[in-house]
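Source file: final01.cif; contents: mmCIF, C-alpha atoms.
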data_input
#
loop_
_atom_site.label_atom_id
_atom_site.label_comp_id
_atom_site.auth_asym_id
_atom_site.auth_seq_id
_atom_site.Cartn_x
_atom_site.Cartn_y
_atom_site.Cartn_z
CA MET A 3 0.00 0.00 0.00
CA ASN A 4 1.43 3.37 -1.06
CA ARG A 5 1.13 6.09 1.56
CA PRO A 6 0.55 9.74 0.62
CA PRO A 7 3.83 11.68 0.40
CA HIS A 8 2.69 14.08 3.14
CA ASP A 9 2.06 11.37 5.78
CA PHE A 10 4.29 9.34 8.08
CA HIS A 11 4.34 5.60 7.56
CA PRO A 12 1.32 3.93 9.29
CA LEU A 13 3.57 1.66 11.39
CA LEU A 14 5.60 4.67 12.49
CA ARG A 15 2.40 6.41 13.55
CA VAL A 16 1.38 3.40 15.64
CA VAL A 17 4.78 3.30 17.37
CA HIS A 18 4.65 7.07 17.94
CA TRP A 19 1.32 7.00 19.78
CA LEU A 20 2.21 3.86 21.72
CA MET A 21 5.37 5.57 22.92
CA ALA A 22 3.41 8.73 23.71
CA ALA A 23 1.10 6.72 26.00
CA LEU A 24 4.04 5.01 27.72
CA ILE A 25 5.94 8.28 28.19
CA LEU A 26 2.86 9.96 29.63
CA ALA A 27 2.43 7.05 32.03
CA MET A 28 6.12 7.24 32.92
CA LEU A 29 5.83 10.94 33.76
CA PHE A 30 2.96 10.27 36.16
CA ILE A 31 4.83 7.33 37.68
CA GLY A 32 7.94 9.48 38.15
CA VAL A 33 6.00 12.28 39.80
CA GLY A 34 4.35 9.73 42.09
CA MET A 35 7.73 8.24 43.04
CA VAL A 36 9.14 11.65 43.94
CA SER A 37 6.10 12.67 46.00
CA THR A 38 5.74 9.51 48.10
CA THR A 39 7.89 7.41 50.42
CA GLY A 40 5.20 4.99 51.56
CA PRO A 41 4.30 1.52 50.32
CA ALA A 42 3.15 3.00 47.01
CA TYR A 43 6.78 3.78 46.17
CA THR A 44 7.61 0.09 45.75
CA THR A 45 4.62 -0.44 43.47
CA LEU A 46 5.53 2.58 41.36
CA LEU A 47 9.14 1.42 41.13
CA GLU A 48 8.01 -1.98 39.89
CA LEU A 49 6.08 -0.19 37.15
CA HIS A 50 8.84 2.32 36.41
CA ARG A 51 11.41 -0.26 35.36
CA PRO A 52 9.45 -2.27 32.77
CA VAL A 53 7.87 0.85 31.27
CA GLY A 54 11.32 2.40 30.88
CA ILE A 55 12.70 -0.72 29.17
CA ALA A 56 9.63 -0.84 26.90
CA ILE A 57 10.30 2.76 25.83
CA LEU A 58 13.94 1.89 25.12
CA ILE A 59 12.92 -1.09 22.96
CA LEU A 60 10.40 1.00 21.03
CA VAL A 61 12.83 3.85 20.37
CA LEU A 62 15.40 1.34 19.10
CA LEU A 63 12.73 0.06 16.71
CA ARG A 64 11.43 3.49 15.83
CA LEU A 65 14.73 5.09 14.83
CA PRO A 66 15.61 2.66 12.01
CA LEU A 67 11.96 2.66 10.90
CA ARG A 68 12.07 6.44 10.67
CA LEU A 69 15.31 6.33 8.69
CA ALA A 70 13.92 3.66 6.36
CA THR A 71 10.52 5.25 5.69
CA GLY A 72 11.53 8.90 5.87
CA SER A 73 9.37 11.81 6.95
CA PRO A 74 7.01 14.10 5.02
CA PRO A 75 8.40 17.51 4.05
CA LEU A 76 7.57 20.50 6.20
CA PRO A 77 5.39 23.24 4.67
CA LEU A 78 7.31 25.41 2.23
CA ASP A 79 6.07 28.62 3.85
CA LEU A 80 7.39 27.65 7.29
CA PRO A 81 9.98 30.19 8.52
CA PRO A 82 13.58 28.87 8.54
CA MET A 83 13.90 29.27 12.31
CA GLN A 84 10.82 27.12 12.86
CA VAL A 85 12.19 24.49 10.48
CA LEU A 86 15.46 24.45 12.42
CA ALA A 87 13.60 24.27 15.73
CA ALA A 88 11.44 21.38 14.49
CA LYS A 89 14.41 19.33 13.30
CA GLY A 90 16.48 20.10 16.40
CA SER A 91 13.67 19.25 18.80
CA HIS A 92 13.14 15.89 17.11
CA VAL A 93 16.82 15.04 17.48
CA LEU A 94 16.67 15.98 21.18
CA LEU A 95 13.48 13.97 21.67
CA TYR A 96 15.04 10.84 20.19
CA ALA A 97 18.19 11.35 22.25
CA SER A 98 16.19 11.84 25.45
CA MET A 99 13.96 8.82 24.81
CA ALA A 100 17.05 6.65 24.47
CA ALA A 101 19.14 8.30 27.20
CA MET A 102 16.51 8.23 29.96
CA PRO A 103 16.11 4.44 30.23
CA LEU A 104 19.79 3.78 29.54
CA ILE A 105 20.89 6.14 32.32
CA GLY A 106 18.28 4.67 34.66
CA TRP A 107 19.53 1.16 33.86
CA ALA A 108 23.16 2.18 34.45
CA MET A 109 22.20 4.05 37.63
CA LEU A 110 20.58 0.97 39.17
CA ALA A 111 23.55 -1.16 38.15
CA ALA A 112 25.98 1.32 39.73
CA GLY A 113 23.93 1.32 42.91
CA GLY A 114 23.93 -2.46 43.10
CA TYR A 115 20.19 -2.77 42.47
CA PRO A 116 18.88 -5.51 40.19
CA VAL A 117 17.06 -4.29 37.11
CA GLU A 118 14.08 -6.64 37.31
CA VAL A 119 11.74 -6.04 34.39
CA PHE A 120 9.35 -8.85 35.29
CA PRO A 121 9.49 -11.50 38.00
CA GLY A 122 12.30 -13.82 36.98
CA LEU A 123 13.62 -11.50 34.24
CA ILE A 124 16.62 -9.53 35.50
CA LEU A 125 18.70 -7.52 33.07
CA PRO A 126 22.51 -7.67 33.27
CA PRO A 127 24.31 -4.62 34.71
CA ILE A 128 25.67 -2.15 32.17
CA ALA A 129 27.77 -0.15 34.69
CA PRO A 130 30.15 -1.16 37.46
CA HIS A 131 29.03 -1.08 41.08
CA ASP A 132 30.19 2.39 42.16
CA LEU A 133 28.27 4.61 44.57
CA ARG A 134 29.89 7.79 43.24
CA LEU A 135 28.86 6.86 39.72
CA TYR A 136 25.41 6.07 41.08
CA ALA A 137 25.11 9.59 42.51
CA VAL A 138 26.23 11.20 39.23
CA LEU A 139 23.84 9.10 37.15
CA ARG A 140 20.98 9.76 39.54
CA GLN A 141 21.50 13.51 39.17
CA ALA A 142 21.78 13.17 35.39
CA HIS A 143 18.59 11.11 35.30
CA THR A 144 16.72 13.84 37.17
CA VAL A 145 18.06 16.69 35.02
CA ILE A 146 17.29 14.89 31.74
CA ALA A 147 13.81 14.02 33.02
CA VAL A 148 13.05 17.72 33.60
CA LEU A 149 14.44 18.71 30.18
CA PHE A 150 12.53 15.85 28.56
CA PHE A 151 9.31 17.08 30.14
CA ALA A 152 9.99 20.59 28.75
CA LEU A 153 10.65 19.11 25.30
CA ILE A 154 7.37 17.21 25.39
CA LEU A 155 5.46 20.38 26.30
CA ALA A 156 7.14 22.26 23.44
CA HIS A 157 6.41 19.39 21.05
CA LEU A 158 2.75 19.36 22.09
CA CYS A 159 2.44 23.14 21.68
CA ALA A 160 4.02 22.96 18.21
CA ALA A 161 1.65 20.15 17.18
CA LEU A 162 -1.39 22.16 18.31
CA PHE A 163 -0.03 25.26 16.56
CA HIS A 164 0.21 23.36 13.27
CA GLY A 165 -3.12 21.61 13.72
CA LEU A 166 -5.33 24.42 15.06
CA ILE A 167 -3.74 27.66 13.82
CA ARG A 168 -1.77 26.97 10.66
CA LYS A 169 -3.83 23.92 9.62
CA ASP A 170 -1.04 22.92 7.28
CA GLY A 171 -1.37 19.12 7.60
CA VAL A 172 1.67 18.58 9.85
CA LEU A 173 -0.42 17.26 12.75
CA ARG A 174 -2.62 15.22 10.41
CA SER A 175 0.47 13.52 8.96
CA MET A 176 1.05 11.79 12.33
CA THR A 177 -2.61 11.18 13.21
CA VAL A 178 -5.32 10.27 10.69
CA GLY A 179 -3.30 10.99 7.58
CA THR A 180 -4.16 12.94 4.46
CA PRO A 181 -7.66 12.19 3.09
CA PRO A 182 -7.63 10.62 -0.38
CA SER A 183 -8.08 13.06 -3.23
CA PRO A 184 -10.96 12.50 -5.68
CA PRO A 185 -9.95 10.44 -8.71
CA GLU A 186 -9.15 12.37 -11.83
CA PRO A 187 -11.05 11.52 -15.03
CA SER A 188 -9.16 9.13 -17.23
CA GLN A 189 -7.83 10.12 -20.64
CA ASP A 190 -10.28 7.82 -22.43
CA ASN A 191 -13.27 9.40 -20.71
CA SER A 192 -12.06 12.89 -21.55
CA GLU A 193 -11.61 11.92 -25.18
CA ILE A 194 -15.14 10.48 -25.26
CA SER A 195 -16.57 13.62 -23.68
CA ASP A 196 -14.67 15.81 -26.19
CA LEU A 197 -15.99 13.68 -29.05
CA ALA A 198 -19.54 13.97 -27.71
CA VAL A 199 -19.22 17.74 -27.54
CA TYR A 200 -17.83 17.82 -31.06
CA ARG A 201 -20.69 15.71 -32.38
CA SER A 202 -23.27 17.80 -30.54
CA THR A 203 -21.93 20.95 -32.15
CA GLU A 204 -21.64 19.39 -35.58
CA SER A 205 -24.93 17.46 -35.63
CA PRO A 206 -27.22 20.44 -36.46
CA GLY A 207 -25.23 21.17 -39.60
CA ILE A 208 -25.40 17.55 -40.64
CA ALA A 209 -29.15 17.52 -40.00
CA ASP A 210 -29.59 20.67 -42.11
CA VAL A 211 -27.69 19.17 -45.01
CA SER A 212 -29.64 15.95 -44.90
CA ALA A 213 -32.95 17.84 -44.70
CA SER A 214 -32.09 19.95 -47.77
CA GLN A 215 -31.43 16.90 -49.95
CA PRO A 216 -34.51 15.43 -51.77
CA LYS A 217 -35.75 12.08 -50.65
CA ALA A 218 -35.74 9.12 -52.96
CA ASP A 219 -39.56 8.85 -52.92
CA GLU A 220 -39.90 12.44 -54.07
#

Turn this file's structure into structure tokens for me.
Amino acid sequence: MNRPPHDFHPLLRVVHWLMAALILAMLFIGVGMVSTTGPAYTTLLELHRPVGIAILILVLLRLPLRLATGSPPLPLDLPPMQVLAAKGSHVLLYASMAAMPLIGWAMLAAGGYPVEVFPGLILPPIAPHDLRLYAVLRQAHTVIAVLFFALILAHLCAALFHGLIRKDGVLRSMTVGTPPSPPEPSQDNSEISDLAVYRSTESPGIADVSASQPKADE
């Protein structure tokens, strides 16, 4: 199936919105973990780890899919600074989506904590056990989380700007896609219609000539 040139690939759109749901859930989980120290913290932590690994897996699938399928061109009348901001923000979003779970994984490994995704499934450590490294990675994880949240807000505002104010199809290219255009009349049909018009214009003259000629009975 050929997709319109102004739309993202359908599979890429599915991955995008699946990741958006997981990232939104991760933000709420992270806020809950920071604001509580009770029994709910353990439950939130058990959710935080598998959701983070799921986001990492999806971004590792999404990046080559994006490179393979490409992206629709931005509107030609978009100011150059907005074009630069759009491309730069997407690079930062991809980098943040990959860095957040990787830093969290390394942070837990440096702290000596097992990275248990599901019961019985424990990921291998990707950093040595070092409490100083753990402190650095923990701080980096927090800073990147705040910057990532700001990037998401900016991305959402830009999407609404394109969809509600400019209405230039940028938001539609990642949601429902471009509606199909009406089919153009084929060349054969146009030739038939031209021939019909020609005959309709010529037929009165032919009728006049035939009427002026005497009939055989006369």

Original post:
Quick one: which residues end up in the PyMOL selection byres ((chain A and resi 81-97) around 12) for this structure, as JSON, numbers by chain?
Top reply: {"A": [18, 21, 22, 25, 57, 58, 60, 61, 62, 63, 64, 65, 66, 68, 73, 75, 76, 77, 78, 79, 80, 98, 99, 100, 101, 102, 103, 104, 105, 146, 147, 149, 150, 151, 152, 153, 154, 155, 156, 157, 158, 159, 160, 161, 163, 164, 172]}

**OP:** Go through A:Pro52, A:Pro121, A:Pro181, A:Gly106 one by one, measure the shortest atom-to-atom distance of each to Val138 of chain A using all atoms listed in the file, and give the residue with the smallest value.
**Re:** A:Gly106

Original post:
When the PyMOL selection byres ((chain A and resi 135) around 12) is applied to the file above, which residues end up in the set, as a list in words?
Top reply: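 With the shown file as input, the PyMOL selection byres ((chain A and resi 135) around 12) matches Ile105, Gly106, Ala108, Met109, Leu110, Ala111, Ala112, Gly113, Gly114, Ala129, Pro130, His131, Asp132, Leu133, Arg134, Tyr136, Ala137, Val138, Leu139, Arg140, Gln141, Ala142 and His143 of chain A.
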
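Reported to one decimal place, the separation of atom CA of Thr144 of chain A from atom CA of Gly40 of chain A is 20.4 Å.
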
Original post:
So what do you get for atom CA of Gly54 of chain A versus atom CA of Ala27 of chain A, distance-wise?
Top reply: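 Result for atom CA of Gly54 of chain A versus atom CA of Ala27 of chain A: 10.1 Å, one decimal.
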
Original post:
Mind pulling up the distance from atom CA of Thr44 of chain A to atom CA of Ala56 of chain A?
Top reply: 19.0 Å

Original post:
What does the PyMOL selection byres ((chain A and resi 51) around 9) select in this file, as an MDAnalysis selection string?
Top reply: chainID A and resid 46:50 52:56 103 106:107 117:120

Original post:
Given the choices A:Pro7, A:Pro127, A:Arg174, A:Thr39, which gets closest to Tyr115 of chain A if the distance is worked out from all atoms listed in the file?
Top reply: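 Comparing A:Pro7, A:Pro127, A:Arg174, A:Thr39 against Tyr115 of chain A, the winner is A:Pro127.
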
**OP:** Between A:Ile128, A:His8, A:Trp19, A:Val33, single out the one closest to Thr177 of chain A, counting only C-alpha atoms.
**Re:**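 Result for the nearest residue to Thr177 of chain A: A:Trp19.
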